[in-house]
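Raw entry25.txt, compact mmCIF, C-alpha atoms:
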# COMPACT_ATOMS: atom_id res chain seq x y z
CA MET A 1 -34.53 49.28 17.57
CA LYS A 2 -35.19 52.54 19.38
CA PHE A 3 -31.67 53.53 20.43
CA ILE A 4 -29.39 52.57 17.52
CA ASN A 5 -28.95 54.86 14.51
CA THR A 6 -31.18 53.47 11.76
CA GLU A 7 -28.51 54.25 9.13
CA ILE A 8 -26.31 51.45 10.48
CA LYS A 9 -28.59 48.72 9.12
CA LYS A 10 -28.34 50.27 5.66
CA LYS A 11 -24.53 50.08 5.79
CA ILE A 12 -24.19 46.50 7.05
CA LEU A 13 -22.32 45.14 4.03
CA ASN A 14 -19.81 47.99 4.06
CA LEU A 15 -19.34 47.77 7.84
CA ASN A 16 -18.78 44.03 7.57
CA LYS A 17 -16.14 44.59 4.89
CA GLN A 18 -14.36 47.26 6.97
CA PHE A 19 -14.37 45.07 10.07
CA ASN A 20 -12.99 41.99 8.33
CA LEU A 21 -10.22 43.86 6.50
CA LYS A 22 -8.47 44.83 9.74
CA THR A 23 -5.41 42.93 10.96
CA PRO A 24 -3.99 41.34 13.06
CA PHE A 25 -7.39 41.36 14.79
CA LYS A 26 -10.66 42.73 13.47
CA TYR A 27 -12.20 45.98 14.60
CA LEU A 28 -14.42 48.80 13.42
CA VAL A 29 -15.11 52.44 14.32
CA ILE A 30 -18.66 53.72 13.78
CA GLU A 31 -19.60 57.39 14.10
CA ASN A 32 -23.05 58.52 15.29
CA PHE A 33 -23.81 55.07 16.65
CA LEU A 34 -26.84 56.04 18.72
CA ASN A 35 -29.74 58.03 17.34
CA GLU A 36 -28.86 61.69 17.79
CA ALA A 37 -31.67 62.50 20.25
CA ILE A 38 -30.95 59.34 22.24
CA ALA A 39 -27.22 60.11 22.46
CA GLU A 40 -28.03 63.55 23.86
CA GLU A 41 -30.50 62.11 26.36
CA VAL A 42 -28.04 59.44 27.54
CA TYR A 43 -25.35 62.09 27.85
CA ASN A 44 -27.62 64.32 29.92
CA CYS A 45 -28.70 61.53 32.28
CA TYR A 46 -25.21 60.01 32.64
CA PRO A 47 -24.90 59.76 36.46
CA LYS A 48 -22.19 61.49 38.43
CA ILE A 49 -19.79 59.42 40.48
CA ASP A 50 -21.16 58.90 43.97
CA ILE A 51 -18.74 56.75 45.98
CA GLU A 52 -20.71 56.94 49.22
CA SER A 53 -23.81 55.34 47.67
CA ASN A 54 -21.74 52.35 46.47
CA SER A 55 -23.42 52.62 43.08
CA TRP A 56 -20.01 52.99 41.37
CA ASP A 57 -17.14 50.52 41.76
CA GLY A 58 -13.86 52.44 41.75
CA THR A 59 -11.53 49.67 42.91
CA THR A 60 -7.88 50.35 42.04
CA TYR A 61 -5.62 47.63 40.59
CA LEU A 62 -1.99 47.46 39.49
CA ASP A 63 -2.89 48.16 35.87
CA GLN A 64 -6.06 50.19 36.36
CA LYS A 65 -6.46 53.44 38.26
CA ASN A 66 -9.26 55.99 38.73
CA LYS A 67 -11.75 53.95 36.69
CA PHE A 68 -15.33 53.70 37.96
CA THR A 69 -17.96 51.18 36.83
CA LYS A 70 -21.73 51.05 37.27
CA THR A 71 -23.84 48.03 36.27
CA LYS A 72 -27.15 48.45 38.14
CA PHE A 73 -29.92 50.75 36.91
CA GLU A 74 -33.49 51.43 37.94
CA GLU A 75 -36.02 49.52 35.87
CA ASP A 76 -37.53 51.31 32.88
CA THR A 77 -35.07 54.21 33.00
CA MET A 78 -33.19 55.40 29.93
CA LEU A 79 -29.99 53.53 30.85
CA PHE A 80 -31.84 50.36 31.87
CA ASN A 81 -33.65 50.28 28.52
CA LEU A 82 -30.49 51.09 26.57
CA PHE A 83 -28.61 48.11 28.00
CA ASN A 84 -31.65 45.91 27.38
CA GLU A 85 -31.51 46.85 23.71
CA LEU A 86 -27.75 46.28 23.54
CA ASN A 87 -28.42 42.74 24.77
CA SER A 88 -31.54 42.13 22.66
CA THR A 89 -31.84 39.44 19.99
CA GLU A 90 -32.25 42.05 17.26
CA PHE A 91 -29.09 43.90 18.27
CA LEU A 92 -27.11 40.67 18.66
CA ASN A 93 -28.10 39.77 15.10
CA LEU A 94 -26.86 43.18 13.95
CA ILE A 95 -23.46 42.63 15.59
CA SER A 96 -23.30 39.13 14.08
CA GLN A 97 -23.90 40.57 10.62
CA ILE A 98 -21.05 43.04 11.11
CA THR A 99 -18.56 40.58 12.63
CA ASN A 100 -19.53 37.21 11.09
CA ILE A 101 -19.61 35.82 14.64
CA ASN A 102 -22.83 33.81 14.82
CA SER A 103 -24.99 32.84 17.80
CA LEU A 104 -23.80 35.73 19.97
CA ILE A 105 -25.02 35.87 23.56
CA GLY A 106 -25.35 39.05 25.62
CA ASP A 107 -24.71 39.47 29.33
CA SER A 108 -27.57 40.92 31.37
CA GLU A 109 -25.26 41.18 34.40
CA LEU A 110 -22.83 43.38 32.42
CA PHE A 111 -19.83 41.68 34.03
CA GLY A 112 -16.89 44.06 33.53
CA GLY A 113 -19.10 46.28 31.36
CA GLY A 114 -21.85 48.82 32.00
CA LEU A 115 -21.13 52.50 32.41
CA HIS A 116 -17.46 53.41 32.71
CA GLN A 117 -16.16 56.72 33.94
CA SER A 118 -12.50 57.63 34.41
CA THR A 119 -11.20 60.64 36.31
CA LYS A 120 -8.04 62.74 36.00
CA GLY A 121 -4.92 60.55 36.17
CA ALA A 122 -6.80 57.40 35.15
CA PHE A 123 -5.19 54.75 32.99
CA LEU A 124 -5.94 51.21 31.87
CA ASN A 125 -2.83 49.41 30.69
CA VAL A 126 -2.83 47.60 27.35
CA HIS A 127 -4.25 44.10 27.72
CA VAL A 128 -6.17 41.17 26.31
CA ASP A 129 -9.43 40.42 28.08
CA TYR A 130 -10.38 37.38 30.13
CA ASN A 131 -11.46 34.69 27.68
CA PHE A 132 -14.30 32.94 29.54
CA HIS A 133 -17.24 34.50 31.36
CA PRO A 134 -16.63 33.76 35.07
CA LYS A 135 -20.15 32.37 35.64
CA THR A 136 -21.46 30.97 32.36
CA LYS A 137 -18.03 29.93 31.04
CA PHE A 138 -19.08 31.10 27.59
CA HIS A 139 -16.32 32.24 25.22
CA ARG A 140 -15.82 36.01 25.10
CA ARG A 141 -15.94 37.01 21.43
CA CYS A 142 -16.27 40.77 20.96
CA ASN A 143 -16.55 44.11 22.72
CA LEU A 144 -18.68 47.16 22.00
CA ILE A 145 -17.65 50.53 23.46
CA ILE A 146 -19.69 53.69 22.92
CA TYR A 147 -18.03 56.96 23.95
CA LEU A 148 -19.90 59.97 25.30
CA ASN A 149 -17.36 62.78 25.49
CA LYS A 150 -18.03 66.14 23.85
CA ASN A 151 -15.23 68.39 22.58
CA TRP A 152 -12.51 65.87 23.51
CA LYS A 153 -9.01 67.26 23.02
CA ASP A 154 -5.95 65.18 22.08
CA GLU A 155 -4.07 66.66 25.01
CA TYR A 156 -6.51 64.98 27.41
CA ASN A 157 -5.13 61.53 26.40
CA GLY A 158 -7.62 58.71 27.02
CA HIS A 159 -7.48 57.44 23.43
CA LEU A 160 -8.31 53.77 22.90
CA GLU A 161 -5.02 52.18 21.80
CA LEU A 162 -5.00 49.04 19.65
CA TRP A 163 -1.73 47.09 19.69
CA ASP A 164 -0.08 44.32 17.69
CA PHE A 165 2.24 41.96 19.59
CA THR A 166 2.27 39.16 17.03
CA ASN A 167 5.76 39.92 15.67
CA SER A 168 7.51 41.72 18.50
CA LYS A 169 7.65 41.62 22.29
CA LYS A 170 7.86 45.41 22.22
CA GLY A 171 4.64 45.62 20.25
CA LYS A 172 3.40 48.03 17.61
CA LEU A 173 0.65 50.62 18.04
CA ILE A 174 -1.93 49.98 15.32
CA GLU A 175 -4.31 52.86 15.95
CA LYS A 176 -5.29 55.50 18.51
CA ILE A 177 -9.00 56.25 18.66
CA ALA A 178 -10.21 59.38 20.43
CA PRO A 179 -13.19 58.74 22.78
CA SER A 180 -15.35 61.25 20.94
CA PHE A 181 -19.07 61.76 21.46
CA ASN A 182 -21.33 59.00 20.06
CA ARG A 183 -18.39 57.14 18.51
CA ALA A 184 -18.51 53.35 18.85
CA VAL A 185 -15.75 50.78 18.52
CA ILE A 186 -16.42 47.08 17.94
CA PHE A 187 -13.54 44.62 18.10
CA GLU A 188 -13.10 40.90 18.39
CA THR A 189 -11.64 39.52 21.60
CA ASN A 190 -9.00 36.82 21.33
CA GLU A 191 -5.45 36.13 22.45
CA ILE A 192 -3.96 38.94 20.31
CA SER A 193 -6.57 41.73 20.60
CA TYR A 194 -4.47 44.01 22.82
CA HIS A 195 -6.09 47.32 23.74
CA GLY A 196 -6.25 49.91 26.51
CA HIS A 197 -5.62 53.57 27.30
CA SER A 198 -2.19 53.60 28.88
CA LEU A 199 -1.48 57.34 29.08
CA PRO A 200 -2.87 58.86 32.31
CA LEU A 201 -5.84 61.14 31.70
CA ASN A 202 -4.81 64.78 31.52
CA THR A 203 -8.30 66.27 31.76
CA PRO A 204 -9.49 69.26 33.74
CA LYS A 205 -10.46 68.09 37.22
CA GLU A 206 -14.20 68.42 36.55
CA LEU A 207 -14.10 66.49 33.25
CA ASN A 208 -14.37 62.68 33.20
CA ARG A 209 -13.97 60.18 30.37
CA LYS A 210 -17.37 58.50 29.83
CA SER A 211 -18.19 55.31 27.97
CA ILE A 212 -20.69 52.48 27.67
CA ALA A 213 -19.37 48.92 27.35
CA THR A 214 -21.05 45.62 26.50
CA TYR A 215 -19.36 42.29 25.87
CA TYR A 216 -20.64 39.38 23.81
CA TYR A 217 -20.12 35.63 24.03
CA THR A 218 -20.72 32.31 22.28
CA LYS A 219 -21.18 28.82 23.66
CA GLU A 220 -18.72 27.36 21.15
CA ARG A 221 -15.51 28.51 19.49
CA LYS A 222 -13.06 27.11 16.95
CA GLU A 223 -10.69 24.78 18.77
CA SER A 224 -7.68 26.55 17.25
CA GLU A 225 -8.78 29.81 18.94
CA ILE A 226 -9.29 28.39 22.42
CA ALA A 227 -6.72 29.13 25.12
CA LEU A 228 -6.56 28.04 28.74
CA ASP A 229 -8.93 29.97 30.99
CA HIS A 230 -7.21 33.21 32.02
CA ASN A 231 -7.95 36.57 33.56
CA THR A 232 -7.02 39.90 31.94
CA LEU A 233 -3.39 39.85 30.71
CA TYR A 234 -1.50 43.15 30.68
CA LYS A 235 1.47 44.62 28.80
CA ASN A 236 3.60 47.61 29.80
CA THR A 237 3.89 49.73 26.63
CA ARG A 238 5.44 52.78 28.31
CA GLY A 239 8.73 51.49 29.74
CA ILE A 240 9.98 53.13 32.94
CA LYS A 241 7.12 55.64 33.04
CA GLY A 242 4.61 52.83 32.77
CA LEU A 243 6.36 50.89 35.54
CA LYS A 244 6.33 53.95 37.84
CA ASP A 245 2.59 54.47 37.23
CA LYS A 246 1.98 50.79 37.93
CA ILE A 247 3.87 50.97 41.25
CA LYS A 248 1.94 54.08 42.31
CA SER A 249 -1.33 52.38 41.38
CA GLY A 250 -0.28 49.30 43.37
CA ILE A 251 0.39 51.45 46.45
CA LYS A 252 -3.02 53.10 46.10
CA ALA A 253 -4.67 49.70 45.72
CA SER A 254 -2.93 48.40 48.86
CA ILE A 255 -4.09 51.41 50.88
CA GLU A 256 -7.66 50.85 49.69
CA ARG A 257 -7.55 47.19 50.78
CA LEU A 258 -6.13 48.09 54.19
CA LYS A 259 -8.87 50.65 54.79
CA LYS A 260 -11.50 48.02 54.02

Could you write out this file's structure as structure tokens?
Amino acid sequence: MKFINTEIKKKILNLNKQFNLKTPFKYLVIENFLNEAIAEEVYNCYPKIDIESNSWDGTTYLDQKNKFTKTKFEEDTMLFNLFNELNSTEFLNLISQITNINSLIGDSELFGGGLHQSTKGAFLNVHVDYNFHPKTKFHRRCNLIIYLNKNWKDEYNGHLELWDFTNSKKGKLIEKIAPSFNRAVIFETNEISYHGHSLPLNTPKELNRKSIATYYYTKERKESEIALDHNTLYKNTRGIKGLKDKIKSGIKASIERLKK
């Protein structure tokens, strides 16, 4: 593989152990995920948001604000080739070895994935993901997120939050993961894998939160793990402040729809 740090293969057994020790759902943080030169090149070619060209989707929702997504790339460019590798058989086998999830299937359409970029004030409320791919109806099994943010400060917010709601409606924050440069997070997707970044971004106006996301599927799944087909399911983890942000986001979303 050209893009992935070659050291990862050497650490497979340890990474597998780390991943499978996590509860209540399994996850793993990997530093220096991309080869150093590749990470720099991807960072340097990461496209700016251009709303007028329609190459970025910045649709606002009740629980998601100021988040932009791009899934189409010119053939044989750096980003096109990167996503090809992240969906290649060799890479899928690597993820399977880490997660013990066999027969993983990529998604060339990058539904919900691709390049993500969030601007000042952005938030994505804590949630579990949709459980079936809308077209193939394959079971969604795990997510990979690679962050591309240099010199990220805690005061910017934007940390990936992992939550446990198995024993309490209020929920418990398991871990906060800063979206630092070339840091990857892999986690299984199921009915309890709650995650998000609920605190609005507090970045300088010119600084955006950048990430790469790919999602993986299987044709089959244990019957005990299968739930009725559902879309993304959200939780408010911030009380009144979270409710106020949700209302403001809803107003913005309504204005966008009216303009269209």

Selection near segment 238-255 of chain A, 9 Å with only C-alpha atoms, sequence-local residues under 3 positions removed, as a VMD selection string: chain A and resid 59 to 65 123 125 198 to 200 258 to 260

Since we have the selection now, will you write its residues out, keeping C-alpha atoms, as a PDB file, in the coordinates of the input?
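Final output, saved to out31.pdb:
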ATOM      1  CA  THR A  59     -11.530  49.670  42.910  1.00  0.00           C
ATOM      2  CA  THR A  60      -7.880  50.350  42.040  1.00  0.00           C
ATOM      3  CA  TYR A  61      -5.620  47.630  40.590  1.00  0.00           C
ATOM      4  CA  LEU A  62      -1.990  47.460  39.490  1.00  0.00           C
ATOM      5  CA  ASP A  63      -2.890  48.160  35.870  1.00  0.00           C
ATOM      6  CA  GLN A  64      -6.060  50.190  36.360  1.00  0.00           C
ATOM      7  CA  LYS A  65      -6.460  53.440  38.260  1.00  0.00           C
ATOM      8  CA  PHE A 123      -5.190  54.750  32.990  1.00  0.00           C
ATOM      9  CA  ASN A 125      -2.830  49.410  30.690  1.00  0.00           C
ATOM     10  CA  SER A 198      -2.190  53.600  28.880  1.00  0.00           C
ATOM     11  CA  LEU A 199      -1.480  57.340  29.080  1.00  0.00           C
ATOM     12  CA  PRO A 200      -2.870  58.860  32.310  1.00  0.00           C
ATOM     13  CA  LEU A 258      -6.130  48.090  54.190  1.00  0.00           C
ATOM     14  CA  LYS A 259      -8.870  50.650  54.790  1.00  0.00           C
ATOM     15  CA  LYS A 260     -11.500  48.020  54.020  1.00  0.00           C
TER      16      LYS A 260
END

So that I can check the surroundings of Asp229 of chain A, please list as a list in words every protein, DNA and RNA residue that reaches within 9 Å of it, counting only C-alpha atoms and ignoring chain neighbours fewer than 6 positions away. Tyr130, Asn131 and Phe132 of chain A

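Counting from atom CA of Asn32 of chain A, the distance to atom CA of Leu148 of chain A is 10.6 Å.
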
Name the residues in contact with Trp163 of chain A at a cut-off of 8 Å, using only C-alpha atoms, excluding same-chain residues fewer than 2 positions from it; report them as a list in words. Val126, Glu161, Phe165, Gly171, Lys172, Leu173, Ile174, Glu175, Ser193, Tyr194 and His195 of chain A

Counting all atoms listed in the file, the residue of A:Asn102, A:Thr237, A:Gln18, A:Thr23 that sits nearest His197 of chain A: A:Thr237

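Nearest to Thr99 of chain A of all the residues A:His159, A:Lys17, A:Lys150, A:His127 is A:Lys17, based on all atoms listed in the file.
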
Padding of 4 Å on every side, edges along x, y and z, all listed atoms of segment 162-170 of chain A included: what centre and edge lengths in Å, to one decimal, does that box have, as JSON?
{"center_x": 1.4, "center_y": 44.1, "center_z": 19.0, "size_x": 20.9, "size_y": 17.9, "size_z": 14.6}

Just checking: using all atoms listed in the file, which residue out of A:Asn20, A:Gly113, A:Asn5, A:Asn66 ends up closest to Asn87 of chain A? A:Gly113

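The protein and nucleic acid residues lying at most 10 Å from Asn202 of chain A are Thr119, Lys120, Gly121, Ala122, Lys153, Asp154, Glu155, Tyr156, Asn157, Gly158, Leu199, Lys205, Leu207 and Asn208 of chain A, with only C-alpha atoms considered and sequence neighbours fewer than 3 positions away removed.
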
Please provide as a count of residues only all residues within 8 Å of Ile38 of chain A, with the sequence filter that same-chain residues fewer than 4 positions apart are discarded (counting only C-alpha atoms). 3

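Atom pair atom CA of Ala184 of chain A / atom CA of Asn44 of chain A: separated by 18.1 Å.
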